[in-house]
$ cat protein.txt   # compact mmCIF, C-alpha atoms (C1' of nucleotides)
# COMPACT_ATOMS: atom_id res chain seq x y z
CA MET A 1 0.00 0.00 0.00
CA ASP A 2 1.35 3.35 -0.98
CA LEU A 3 1.81 5.51 2.10
CA LYS A 4 1.86 8.66 -0.05
CA PHE A 5 4.83 9.88 1.88
CA LYS A 6 6.02 13.31 1.01
CA VAL A 7 8.77 15.50 2.31
CA ILE A 8 7.24 18.87 3.08
CA LYS A 9 10.44 20.56 3.95
CA GLU A 10 14.10 19.66 4.21
CA SER A 11 16.03 21.84 6.59
CA SER A 12 19.55 23.06 5.96
CA CYS A 13 20.93 20.50 8.42
CA GLY A 14 19.41 17.58 6.56
CA ALA A 15 16.33 17.00 8.71
CA ARG A 16 13.04 16.30 6.92
CA LEU A 17 9.57 17.43 7.79
CA GLY A 18 7.16 15.00 6.20
CA GLU A 19 3.75 13.46 6.07
CA PHE A 20 2.24 10.12 5.13
CA GLU A 21 -1.20 8.63 4.92
CA THR A 22 -2.87 5.51 6.22
CA ARG A 23 -6.50 4.50 6.66
CA TRP A 24 -6.25 6.20 10.07
CA GLY A 25 -5.46 9.60 8.63
CA HIS A 26 -2.46 11.81 8.03
CA HIS A 27 0.70 11.39 10.07
CA LYS A 28 3.44 13.90 10.54
CA THR A 29 7.11 13.00 10.57
CA PRO A 30 9.55 12.90 12.25
CA MET A 31 7.59 10.77 14.69
CA PHE A 32 8.12 8.34 17.51
CA MET A 33 6.38 4.96 17.91
CA PRO A 34 5.91 3.46 21.36
CA VAL A 35 6.44 -0.29 21.45
CA GLY A 36 3.63 -2.71 22.21
CA THR A 37 5.36 -6.06 21.85
CA GLN A 38 2.53 -8.29 22.95
CA ALA A 39 -0.40 -6.34 21.54
CA THR A 40 -0.23 -3.83 24.37
CA VAL A 41 2.04 -0.94 25.15
CA LYS A 42 2.88 -2.26 28.57
CA THR A 43 0.60 -0.86 31.29
CA LEU A 44 -1.25 1.54 28.95
CA SER A 45 -4.72 1.58 27.49
CA PRO A 46 -5.40 2.76 23.92
CA GLU A 47 -7.05 5.88 25.35
CA GLU A 48 -3.94 6.69 27.35
CA LEU A 49 -1.80 6.26 24.26
CA LYS A 50 -3.99 8.62 22.32
CA ASP A 51 -3.88 11.18 25.12
CA ALA A 52 -0.10 10.93 25.13
CA HIS A 53 -0.20 11.84 21.41
CA ALA A 54 1.09 8.45 20.31
CA ASP A 55 0.13 8.38 16.65
CA ILE A 56 1.41 4.96 15.71
CA ILE A 57 2.62 1.94 17.67
CA LEU A 58 4.82 -1.05 17.01
CA SER A 59 3.98 -4.64 17.76
CA ASN A 60 5.88 -7.85 17.35
CA THR A 61 5.53 -10.80 14.99
CA TYR A 62 7.66 -13.18 16.98
CA HIS A 63 5.83 -12.74 20.25
CA LEU A 64 2.33 -12.78 18.80
CA TRP A 65 3.20 -15.81 16.70
CA LEU A 66 4.13 -17.74 19.86
CA ARG A 67 1.27 -16.36 21.91
CA PRO A 68 -1.61 -16.13 21.31
CA GLY A 69 -0.87 -17.18 17.71
CA GLU A 70 -1.64 -15.17 14.59
CA ASP A 71 -4.86 -17.12 13.99
CA VAL A 72 -6.25 -15.88 17.29
CA VAL A 73 -5.56 -12.30 16.24
CA ASP A 74 -6.92 -12.98 12.76
CA ASN A 75 -10.04 -14.44 14.32
CA ALA A 76 -10.58 -11.17 16.20
CA GLY A 77 -10.38 -9.26 12.96
CA GLY A 78 -6.75 -8.24 13.14
CA LEU A 79 -4.57 -6.49 15.70
CA HIS A 80 -6.51 -3.24 15.78
CA ASN A 81 -9.72 -5.00 16.71
CA PHE A 82 -8.02 -7.51 18.97
CA MET A 83 -6.45 -4.81 21.16
CA ASN A 84 -9.05 -2.17 20.43
CA TYR A 85 -6.50 0.27 19.13
CA LYS A 86 -8.54 2.32 16.70
CA THR A 87 -6.82 5.66 16.60
CA GLY A 88 -3.73 5.04 14.53
CA PRO A 89 -1.62 2.65 12.51
CA ILE A 90 0.32 -0.34 13.79
CA LEU A 91 3.69 -1.39 12.46
CA THR A 92 4.79 -4.95 13.12
CA ASP A 93 8.42 -5.89 13.53
CA CYS A 94 9.42 -8.98 11.62
CA GLY A 95 10.92 -11.09 14.41
CA GLY A 96 14.46 -10.75 13.08
CA PHE A 97 15.63 -8.84 16.10
CA GLN A 98 14.71 -11.73 18.37
CA VAL A 99 17.43 -13.81 16.72
CA PHE A 100 19.81 -11.31 18.19
CA SER A 101 18.11 -10.41 21.44
CA LEU A 102 17.15 -13.89 22.53
CA ALA A 103 20.78 -14.89 21.92
CA LYS A 104 19.95 -18.56 22.31
CA PRO A 105 21.82 -21.22 20.39
CA LYS A 106 20.79 -19.97 17.03
CA ASP A 107 20.94 -21.62 13.70
CA ILE A 108 20.80 -19.20 10.81
CA SER A 109 20.65 -20.69 7.34
CA GLU A 110 19.60 -19.54 3.91
CA GLU A 111 16.13 -20.85 4.60
CA GLY A 112 15.60 -18.89 7.82
CA VAL A 113 16.31 -18.96 11.53
CA LYS A 114 15.84 -21.86 13.90
CA PHE A 115 14.80 -20.82 17.40
CA LYS A 116 13.89 -22.51 20.58
CA SER A 117 10.72 -20.95 21.86
CA HIS A 118 11.37 -19.04 25.07
CA LEU A 119 7.96 -20.21 26.30
CA ASP A 120 8.20 -23.97 25.98
CA GLY A 121 11.54 -24.74 24.34
CA LYS A 122 9.89 -26.00 21.19
CA ASN A 123 12.02 -25.88 18.03
CA LEU A 124 10.73 -23.29 15.61
CA LEU A 125 11.72 -22.08 12.18
CA LEU A 126 11.08 -18.50 11.15
CA THR A 127 11.57 -17.72 7.49
CA PRO A 128 10.91 -14.58 5.43
CA GLU A 129 7.76 -16.20 4.05
CA LYS A 130 6.54 -17.24 7.49
CA SER A 131 7.20 -13.79 8.98
CA ILE A 132 5.21 -12.13 6.21
CA GLU A 133 2.40 -14.68 6.47
CA ILE A 134 2.10 -13.97 10.18
CA GLN A 135 2.19 -10.21 9.64
CA ASN A 136 -0.48 -10.54 6.97
CA LYS A 137 -2.71 -12.26 9.48
CA LEU A 138 -1.93 -9.74 12.19
CA GLY A 139 -3.25 -7.11 9.81
CA SER A 140 -0.85 -4.34 10.74
CA ASP A 141 -0.62 -1.27 8.51
CA ILE A 142 3.10 -1.51 7.95
CA ILE A 143 5.03 -4.76 7.92
CA MET A 144 8.76 -5.32 8.02
CA SER A 145 10.70 -7.62 5.76
CA PHE A 146 12.59 -10.37 7.55
CA ASP A 147 16.20 -9.56 8.43
CA GLU A 148 19.09 -10.66 10.56
CA CYS A 149 20.33 -8.23 13.19
CA PRO A 150 23.85 -9.41 14.00
CA PRO A 151 25.39 -8.59 17.37
CA TYR A 152 28.13 -6.00 17.77
CA PRO A 153 30.89 -6.34 17.02
CA VAL A 154 31.14 -8.96 14.32
CA THR A 155 33.79 -9.49 11.64
CA HIS A 156 33.52 -7.82 8.27
CA GLU A 157 33.28 -11.26 6.67
CA TYR A 158 30.39 -12.32 8.89
CA MET A 159 28.60 -9.03 8.31
CA LYS A 160 29.08 -9.23 4.56
CA ASN A 161 27.51 -12.68 4.40
CA SER A 162 24.74 -11.56 6.72
CA VAL A 163 23.96 -8.43 4.71
CA GLU A 164 23.83 -10.41 1.46
CA ARG A 165 21.53 -12.98 3.01
CA THR A 166 19.30 -10.29 4.51
CA LEU A 167 19.06 -8.82 1.00
CA ARG A 168 17.95 -12.16 -0.43
CA TRP A 169 15.48 -12.44 2.44
CA ALA A 170 14.21 -8.95 1.58
CA LYS A 171 13.37 -10.10 -1.95
CA ARG A 172 11.65 -13.21 -0.63
CA SER A 173 9.75 -11.08 1.90
CA LEU A 174 8.55 -8.82 -0.85
CA ASP A 175 7.50 -11.75 -3.03
CA ALA A 176 5.66 -13.32 -0.10
CA ASN A 177 3.50 -10.30 0.61
CA LYS A 178 0.26 -11.01 -1.18
CA LYS A 179 -1.57 -8.33 0.76
CA ARG A 180 0.58 -5.64 -0.69
CA ASP A 181 -2.48 -3.58 -1.54
CA THR A 182 -3.52 -3.25 2.10
CA GLN A 183 -0.24 -3.37 3.98
CA ALA A 184 2.78 -1.20 3.32
CA GLN A 185 6.14 -2.94 3.56
CA PHE A 186 9.56 -1.70 4.63
CA GLY A 187 12.99 -3.14 3.89
CA ILE A 188 15.84 -3.11 6.41
CA VAL A 189 19.38 -1.89 5.90
CA GLN A 190 22.09 -3.66 7.88
CA GLY A 191 25.88 -3.60 7.65
CA GLY A 192 27.01 -2.81 11.18
CA GLU A 193 29.75 -0.21 11.44
CA PHE A 194 31.23 -1.00 8.03
CA PRO A 195 30.78 1.89 5.55
CA ASP A 196 31.06 -0.32 2.47
CA LEU A 197 28.48 -2.81 3.76
CA ARG A 198 26.04 -0.12 4.89
CA LYS A 199 26.36 1.48 1.46
CA PHE A 200 25.90 -1.84 -0.33
CA SER A 201 22.93 -2.76 1.85
CA ALA A 202 21.26 0.63 1.40
CA ILE A 203 21.73 0.78 -2.36
CA GLU A 204 20.66 -2.79 -3.00
CA THR A 205 17.69 -2.65 -0.63
CA ALA A 206 16.58 0.62 -2.19
CA LYS A 207 16.47 -1.08 -5.57
CA LEU A 208 13.65 -3.23 -4.26
CA ASP A 209 10.18 -1.81 -4.33
CA PHE A 210 9.58 -1.11 -0.67
CA ASP A 211 7.31 1.61 0.70
CA GLY A 212 9.92 2.68 3.18
CA TYR A 213 13.39 1.80 4.39
CA SER A 214 14.64 1.23 7.84
CA VAL A 215 18.06 1.29 9.37
CA GLY A 216 18.58 -1.67 11.67
CA GLY A 217 21.41 -3.01 13.75
CA VAL A 218 21.90 0.30 15.53
CA SER A 219 22.12 0.73 19.30
CA VAL A 220 23.33 -2.77 19.88
CA GLY A 221 26.28 -1.89 22.07
CA GLU A 222 28.41 0.38 19.87
CA ASP A 223 29.70 3.74 21.07
CA GLY A 224 27.90 6.98 20.31
CA GLU A 225 30.11 8.14 17.48
CA THR A 226 29.93 4.77 15.71
CA LYS A 227 26.17 4.80 16.10
CA LEU A 228 25.80 8.11 14.26
CA LYS A 229 28.12 6.95 11.50
CA MET A 230 26.11 3.77 11.02
CA ILE A 231 23.06 5.93 10.41
CA GLU A 232 24.85 8.30 8.05
CA TYR A 233 26.36 5.48 5.98
CA ALA A 234 22.84 4.18 5.38
CA THR A 235 20.77 7.33 4.90
CA ALA A 236 23.30 8.73 2.44
CA TYR A 237 22.19 6.09 -0.06
CA LEU A 238 18.48 5.86 0.62
CA PRO A 239 15.94 7.44 -1.73
CA LYS A 240 14.80 10.85 -0.53
CA ASP A 241 11.18 10.30 -1.42
CA LYS A 242 10.65 7.31 0.87
CA ILE A 243 10.20 7.09 4.62
CA ARG A 244 13.26 6.24 6.68
CA TYR A 245 12.83 4.40 9.93
CA LEU A 246 15.58 3.99 12.51
CA MET A 247 14.83 0.86 14.48
CA GLY A 248 15.13 0.65 18.23
CA VAL A 249 16.46 4.10 18.96
CA GLY A 250 14.79 6.29 21.55
CA GLU A 251 17.28 8.21 23.69
CA PRO A 252 16.23 11.85 23.30
CA MET A 253 19.63 12.97 22.00
CA ASP A 254 19.70 10.03 19.59
CA LEU A 255 16.28 11.04 18.25
CA ILE A 256 17.47 14.56 17.50
CA ASP A 257 20.71 13.29 15.99
CA GLY A 258 18.79 10.75 13.93
CA VAL A 259 16.47 13.38 12.55
CA ILE A 260 19.45 15.51 11.58
CA ARG A 261 20.69 12.52 9.59
CA GLY A 262 17.43 12.29 7.72
CA ILE A 263 15.44 9.79 9.78
CA ASP A 264 11.63 10.09 9.82
CA ILE A 265 10.40 7.41 12.23
CA PHE A 266 11.76 5.87 15.42
CA ASP A 267 10.60 3.22 17.82
CA CYS A 268 11.95 2.29 21.20
CA VAL A 269 11.04 0.44 24.36
CA LEU A 270 12.95 3.03 26.36
CA PRO A 271 10.08 5.23 27.60
CA THR A 272 8.05 2.30 28.88
CA ARG A 273 10.94 0.23 30.15
CA LEU A 274 12.44 3.18 32.00
CA ALA A 275 9.01 3.86 33.44
CA ARG A 276 8.69 0.36 34.81
CA HIS A 277 11.99 0.90 36.57
CA GLY A 278 10.92 4.24 37.98
CA ASN A 279 12.78 6.56 35.63
CA ALA A 280 11.14 9.62 34.13
CA LEU A 281 12.42 11.45 31.09
CA THR A 282 12.61 15.20 31.65
CA ARG A 283 14.17 18.20 29.98
CA ASP A 284 16.74 18.08 32.75
CA GLY A 285 17.71 14.50 32.05
CA ARG A 286 16.51 11.22 33.42
CA THR A 287 15.09 11.29 36.90
CA ASN A 288 14.93 8.25 39.11
CA LEU A 289 11.69 8.90 40.94
CA LYS A 290 12.50 6.27 43.54
CA ASN A 291 15.20 8.53 44.95
CA ALA A 292 14.64 9.46 48.58
CA ARG A 293 14.79 13.16 47.72
CA PHE A 294 11.28 12.96 46.26
CA ILE A 295 9.59 11.60 49.39
CA LYS A 296 7.77 14.85 50.10
CA ASP A 297 8.09 16.54 46.71
CA LEU A 298 4.60 17.68 45.76
CA ASP A 299 5.56 19.00 42.33
CA PRO A 300 4.72 17.03 39.20
CA ILE A 301 7.48 15.33 37.23
CA GLU A 302 7.59 18.40 34.97
CA LYS A 303 5.65 21.54 35.75
CA ASP A 304 5.02 22.57 32.15
CA CYS A 305 4.15 19.09 30.86
CA ASP A 306 0.60 18.64 29.55
CA CYS A 307 0.34 14.90 30.20
CA TYR A 308 -2.29 13.31 32.43
CA THR A 309 0.35 12.34 34.98
CA CYS A 310 1.86 15.79 35.35
CA LYS A 311 -1.51 17.48 35.45
CA ASN A 312 -2.76 15.30 38.30
CA PHE A 313 -0.03 13.65 40.38
CA SER A 314 2.98 14.58 42.47
CA LYS A 315 6.41 13.03 42.56
CA SER A 316 5.77 12.24 46.23
CA TYR A 317 2.76 10.12 45.32
CA ILE A 318 4.41 8.46 42.32
CA ARG A 319 7.46 7.60 44.42
CA HIS A 320 5.20 6.01 46.99
CA LEU A 321 3.53 3.91 44.30
CA LEU A 322 6.88 2.80 42.88
CA VAL A 323 8.33 1.90 46.25
CA SER A 324 5.14 0.01 47.10
CA GLU A 325 5.35 -1.78 43.76
CA GLU A 326 1.94 -0.55 42.69
CA SER A 327 1.61 -0.84 38.91
CA PHE A 328 -0.22 2.47 38.72
CA GLY A 329 3.12 4.18 39.31
CA GLN A 330 4.67 2.45 36.28
CA ARG A 331 1.64 3.42 34.26
CA LEU A 332 1.80 7.08 35.28
CA ILE A 333 5.47 7.34 34.33
CA SER A 334 4.86 5.46 31.07
CA ILE A 335 2.26 8.05 30.17
CA HIS A 336 4.66 10.86 30.94
CA ASN A 337 7.64 9.31 29.17
CA ILE A 338 5.70 8.66 25.99
CA ARG A 339 4.30 12.14 26.04
CA PHE A 340 7.81 13.47 26.63
CA LEU A 341 9.02 11.82 23.44
CA THR A 342 5.98 12.71 21.33
CA LYS A 343 6.38 16.29 22.52
CA LEU A 344 10.06 16.19 21.65
CA MET A 345 9.10 15.13 18.13
CA GLU A 346 6.58 17.96 17.95
CA ASP A 347 9.32 20.37 18.97
CA ILE A 348 11.67 18.87 16.41
CA ARG A 349 9.08 19.33 13.66
CA GLU A 350 8.57 22.91 14.70
CA HIS A 351 12.29 23.59 14.55
CA ILE A 352 12.65 21.96 11.16
CA GLU A 353 9.90 24.28 10.01
CA LYS A 354 11.80 27.24 11.45
CA ASP A 355 15.06 25.73 10.22
CA ASP A 356 16.84 26.15 13.54
CA LEU A 357 17.04 22.51 14.61
CA LEU A 358 20.77 22.65 15.30
CA GLU A 359 20.26 25.52 17.74
CA PHE A 360 17.43 23.58 19.37
CA ARG A 361 19.75 20.58 19.62
CA GLU A 362 22.36 22.63 21.49
CA GLU A 363 19.83 24.07 23.92
CA PHE A 364 18.24 20.71 24.52
CA LYS A 365 21.56 18.95 24.98
CA GLU A 366 22.88 21.61 27.37
CA ARG A 367 19.92 21.16 29.67
CA TYR A 368 19.36 17.42 29.21
CA LEU A 369 22.94 16.46 29.97
CA LYS A 370 23.86 19.12 32.52
CA ASN A 371 23.36 16.79 35.47
CA LYS A 372 25.47 14.05 33.92
CA LYS A 373 29.05 13.89 35.01
C1' G F 374 10.17 -16.34 94.84
C1' C F 375 12.81 -20.79 92.45
C1' G F 376 14.56 -23.23 87.92
C1' A F 377 15.61 -23.49 82.55
C1' A F 378 16.51 -21.37 77.77
C1' A F 379 17.47 -17.26 74.88
C1' U F 380 19.66 -12.14 73.59
C1' U F 381 23.91 -11.21 66.36
C1' G F 382 22.25 -4.87 61.48
C1' G F 383 16.07 -1.63 60.01
C1' U F 384 13.83 -7.04 59.75
C1' G F 385 14.25 -12.65 59.42
C1' A F 386 18.37 -14.92 60.66
C1' A F 387 23.53 -18.27 59.64
C1' G F 388 28.12 -18.69 62.04
C1' U F 389 33.29 -19.20 64.35
C1' G F 390 38.55 -19.20 70.04
C1' G F 391 42.32 -16.02 65.23
C1' U F 392 43.26 -11.29 59.10
C1' U F 393 37.15 -8.59 55.44
C1' A F 394 30.37 -11.76 60.66
C1' A F 395 26.97 -15.92 55.48
C1' C F 396 22.39 -15.43 53.13
C1' A F 397 17.56 -13.11 52.35
C1' C F 398 14.36 -8.94 52.74
C1' G F 399 14.48 -3.79 53.56
C1' G F 400 17.35 0.91 52.71
C1' U F 401 20.51 3.96 49.38
C1' G F 402 22.50 4.83 44.56
C1' G F 403 23.16 3.16 39.45
C1' A F 404 21.92 0.61 34.82
C1' U F 405 18.17 0.10 30.89
C1' U F 406 17.86 2.05 22.98
C1' G F 407 13.39 -3.19 16.58
C1' U F 408 10.95 -5.38 25.48
C1' G F 409 11.68 -13.18 27.60
C1' G F 410 7.44 -6.89 32.68
C1' U F 411 8.47 -8.16 38.42
C1' C F 412 15.39 -8.24 35.98
C1' C F 413 20.51 -6.64 36.55
C1' C F 414 24.88 -4.05 39.20
C1' A F 415 26.99 -1.58 43.45
C1' U F 416 26.56 -0.31 48.43
C1' U F 417 24.50 -1.02 53.32
C1' A F 418 26.74 -4.43 61.26
C1' U F 419 34.70 -1.14 63.00
C1' G F 420 30.39 -4.87 65.44
C1' C F 421 27.39 -9.98 67.82
C1' A F 422 22.36 -7.11 75.10
C1' A F 423 25.72 -4.35 79.10
C1' G F 424 29.92 -4.78 82.38
C1' G F 425 33.89 -7.76 84.15
C1' G F 426 37.13 -12.15 83.75
C1' U F 427 40.09 -16.39 81.25
C1' U F 428 43.37 -16.19 76.84
C1' C F 429 48.78 -14.16 72.77
C1' G F 430 43.70 -13.32 70.88
C1' A F 431 36.60 -13.65 72.34
C1' U F 432 30.87 -12.28 69.07
C1' U F 433 32.29 -17.50 70.21
C1' C F 434 34.50 -19.95 77.11
C1' C F 435 33.32 -18.22 82.49
C1' C F 436 30.86 -14.69 86.06
C1' U F 437 27.46 -10.62 87.20
C1' U F 438 23.50 -7.49 85.63
C1' A F 439 19.39 -6.36 82.30
C1' U F 440 15.54 -7.98 79.13
C1' U F 441 12.45 -11.82 76.93
C1' U F 442 10.17 -16.67 76.85
C1' C F 443 8.78 -21.23 79.22
C1' G F 444 8.04 -24.33 83.59
C1' C F 445 7.16 -24.81 89.26
C1' C F 446 5.30 -22.94 94.19
$ encode --input "protein.txt" --output "structure tokens"
Amino acid sequence: MDLKFKVIKESSCGARLGEFETRWGHHKTPMFMPVGTQATVKTLSPEELKDAHADIILSNTYHLWLRPGEDVVDNAGGLHNFMNYKTGPILTDCGGFQVFSLAKPKDISEEGVKFKSHLDGKNLLLTPEKSIEIQNKLGSDIIMSFDECPPYPVTHEYMKNSVERTLRWAKRSLDANKKRDTQAQFGIVQGGEFPDLRKFSAIETAKLDFDGYSVGGVSVGEDGETKLKMIEYATAYLPKDKIRYLMGVGEPMDLIDGVIRGIDIFDCVLPTRLARHGNALTRDGRTNLKNARFIKDLDPIEKDCDCYTCKNFSKSYIRHLLVSEESFGQRLISIHNIRFLTKLMEDIREHIEKDDLLEFREEFKERYLKNKK
RNA sequence: GCGAAAUUGGUGAAGUGGUUAACACGGUGGAUUGUGGUCCCAUUAUGCAAGGGUUCGAUUCCCUUAUUUCGCC
């Protein structure tokens, strides 16, 4: 499905202000997608997501395949109906990342990847065709082609073979997608920190007829400078008229730096995972709300934040909930953290419009990192 | 009143005549980037009820006191 993506404005620093269309309406980029691995953004209701200005969410093929099974979701009429998320699009990840993140004895062959299920140890085979078939049944708006996300670091030789295989898998993924008219499909660029392989992967993937292109294999343990280069090596060779999605990146500074390198969409578990561990994202950096200094602090997490949490609850109360292991505390911070990132993207869009994103970056960085040693 | 047993950090507790008193919880910090939600890392008792004695050395043995628990009149 054509997303009708268009770049509205490209700023002098390389950032793009854009827009695309789905059956749910128009969506502005750059944007951030909260992650809902198991058909739920952990602890949040669809209403809360909407209120936090989450426009689109990500869900996961691998997890839904294992439980409850794609047929169960299909039976409910697709993911949107199943989870009653009716306000925006859903993108499903292909399951490729789990090869890396599960880090079990893995067997990667031309055919696909052999896993042991983390639920019952059963031997499973995920192939490009199977991943697409599952995503077709899940009925997401955007599906990802099946890739391998190698760990970091890995030898140039390993990465070269992996990139070439991922490219062949991309073609098979594209061929397997019979619902192309209803679901958009993205390809994934890999190549690790190697400029030649990133370039090769970007150019060759771009030759395939995808609706968007993502940059994968980033934020897997590399240092900050390497991370930015990985992105640059890829975006330099991606078509300008297609959406670019940087997978798994969500640190506020990384979002800004990604946008400057021409990225349009991001996803990350960070806001919700940090929330479950008691950490709030703020303009002044991360704040661990479990810290004793908040015991009697009646201020909200951020005074000028428009989220439900900040409009109604104090740090003192949230700290109490966290310390008492009440899940409402995790939920309140999740709401705030997601809103923090969607607001950051709104600010970024505004500054692309004004073409002063680099100045915004400096101001933001100064304040965000000032408490870091 | 008599007899017996016990007394280790904020809590539950292990332990030994000899350099840093186990473990768990709790506390305090930290970590966290396409999520295997309740995980991970660090730190947290200069002291073993109090006082005295034996000993090269005692939290560990002995005595006294205090407190607690259980029996008996």
$ interface_residues --input "protein.txt" --of "chain F" --to "chain A" --cutoff "6 Å" --atoms "only C-alpha atoms (C1' of nucleotides)" --output "list of chain:residue names"
F:U406, F:G407, F:U408
$ write_last_selection --input "protein.txt" --atoms "C-alpha atoms (C1' of nucleotides)" --output "PDB file, keeping the file's coordinate frame"
ATOM      1  C1'   U F 406      17.860   2.050  22.980  1.00  0.00           C
ATOM      2  C1'   G F 407      13.390  -3.190  16.580  1.00  0.00           C
ATOM      3  C1'   U F 408      10.950  -5.380  25.480  1.00  0.00           C
TER       4        U F 408
END
$ residues_around --input "protein.txt" --residues "range 48-57 of chain A" --least-positions-apart "5" --cutoff "9 Å" --atoms "only C-alpha atoms (C1' of nucleotides)" --output "ChimeraX atom specification"
/A:27-28,31-36,41,87-92,267,306-308,335-340,342-343
$ residues_around --input "protein.txt" --residues "U380 in chain F" --least-positions-apart "2" --cutoff "10 Å" --atoms "only C-alpha atoms (C1' of nucleotides)" --output "MDAnalysis selection string"
chainID F and resid 421:422 440:441
$ write_last_selection --input "protein.txt" --atoms "C-alpha atoms (C1' of nucleotides)" --output "tab-separated table (two decimals), keeping the file's coordinate frame"
chain	number	residue	atom	x	y	z
F	421	C	C1'	27.39	-9.98	67.82
F	422	A	C1'	22.36	-7.11	75.10
F	440	U	C1'	15.54	-7.98	79.13
F	441	U	C1'	12.45	-11.82	76.93
$ residues_around --input "protein.txt" --residues "A415 in chain F" --least-positions-apart "2" --cutoff "12 Å" --atoms "only C-alpha atoms (C1' of nucleotides)" --output "short mmCIF file (atom, residue, chain, number, x, y, z; two decimals) with C-alpha atoms (C1' of nucleotides), in the frame of the given file"
data_model
loop_
_atom_site.label_atom_id
_atom_site.label_comp_id
_atom_site.auth_asym_id
_atom_site.auth_seq_id
_atom_site.Cartn_x
_atom_site.Cartn_y
_atom_site.Cartn_z
"C1'" U F 401 20.51 3.96 49.38
"C1'" G F 402 22.50 4.83 44.56
"C1'" G F 403 23.16 3.16 39.45
"C1'" A F 404 21.92 0.61 34.82
"C1'" C F 413 20.51 -6.64 36.55
"C1'" U F 417 24.50 -1.02 53.32
#
$ atom_distance --input "protein.txt" --atom1 "CA of Pro128 in chain A" --atom2 "CA of Ile243 in chain A"
21.7 Å
$ atom_distance --input "protein.txt" --atom1 "CA of Ile143 in chain A" --atom2 "CA of Gly187 in chain A"
9.1 Å
$ residues_around --input "protein.txt" --residues "C375 in chain F" --least-positions-apart "5" --cutoff "12 Å" --atoms "only C-alpha atoms (C1' of nucleotides)" --output "PyMOL selection string"
chain F and resi 444-446
$ atom_distance --input "protein.txt" --atom1 "CA of Tyr368 in chain A" --atom2 "CA of Ile295 in chain A"
23.2 Å
$ residues_around --input "protein.txt" --residues "Asp74 in chain A" --least-positions-apart "6" --cutoff "8 Å" --atoms "all atoms listed in the file" --output "list in words"
Lys137, Leu138 and Gly139 of chain A
$ write_last_selection --input "protein.txt" --atoms "C-alpha atoms" --output "PDB file, in the coordinates of the input"
ATOM      1  CA  LYS A 137      -2.710 -12.260   9.480  1.00  0.00           C
ATOM      2  CA  LEU A 138      -1.930  -9.740  12.190  1.00  0.00           C
ATOM      3  CA  GLY A 139      -3.250  -7.110   9.810  1.00  0.00           C
TER       4      GLY A 139
END
$ build_atoms --input "protein.txt" --residues "range 46-58 of chain A" --atoms "N, CA and C atoms" --output "short mmCIF file (atom, residue, chain, number, x, y, z; two decimals), in the coordinates of the input"
data_model
loop_
_atom_site.label_atom_id
_atom_site.label_comp_id
_atom_site.auth_asym_id
_atom_site.auth_seq_id
_atom_site.Cartn_x
_atom_site.Cartn_y
_atom_site.Cartn_z
N PRO A 46 -5.39 2.00 25.17
CA PRO A 46 -5.40 2.76 23.92
C PRO A 46 -5.75 4.24 24.15
N GLU A 47 -6.67 4.50 25.07
CA GLU A 47 -7.05 5.88 25.35
C GLU A 47 -5.85 6.67 25.89
N GLU A 48 -5.10 6.01 26.77
CA GLU A 48 -3.94 6.69 27.35
C GLU A 48 -2.88 6.97 26.29
N LEU A 49 -2.75 6.05 25.35
CA LEU A 49 -1.80 6.26 24.26
C LEU A 49 -2.20 7.46 23.41
N LYS A 50 -3.48 7.51 23.13
CA LYS A 50 -3.99 8.62 22.32
C LYS A 50 -3.76 9.94 23.05
N ASP A 51 -4.07 9.95 24.34
CA ASP A 51 -3.88 11.18 25.12
C ASP A 51 -2.42 11.60 25.21
N ALA A 52 -1.54 10.61 25.08
CA ALA A 52 -0.10 10.93 25.13
C ALA A 52 0.42 11.28 23.74
N HIS A 53 -0.52 11.45 22.79
CA HIS A 53 -0.20 11.84 21.41
C HIS A 53 0.60 10.77 20.65
N ALA A 54 0.45 9.52 21.07
CA ALA A 54 1.09 8.45 20.31
C ALA A 54 0.25 8.25 19.05
N ASP A 55 0.87 8.41 17.90
CA ASP A 55 0.13 8.38 16.65
C ASP A 55 0.14 6.98 16.04
N ILE A 56 1.22 6.27 16.31
CA ILE A 56 1.41 4.96 15.71
C ILE A 56 2.18 4.11 16.71
N ILE A 57 1.89 2.81 16.74
CA ILE A 57 2.62 1.94 17.67
C ILE A 57 3.20 0.74 16.93
N LEU A 58 4.16 0.11 17.59
CA LEU A 58 4.82 -1.05 17.01
C LEU A 58 4.44 -2.30 17.79
#
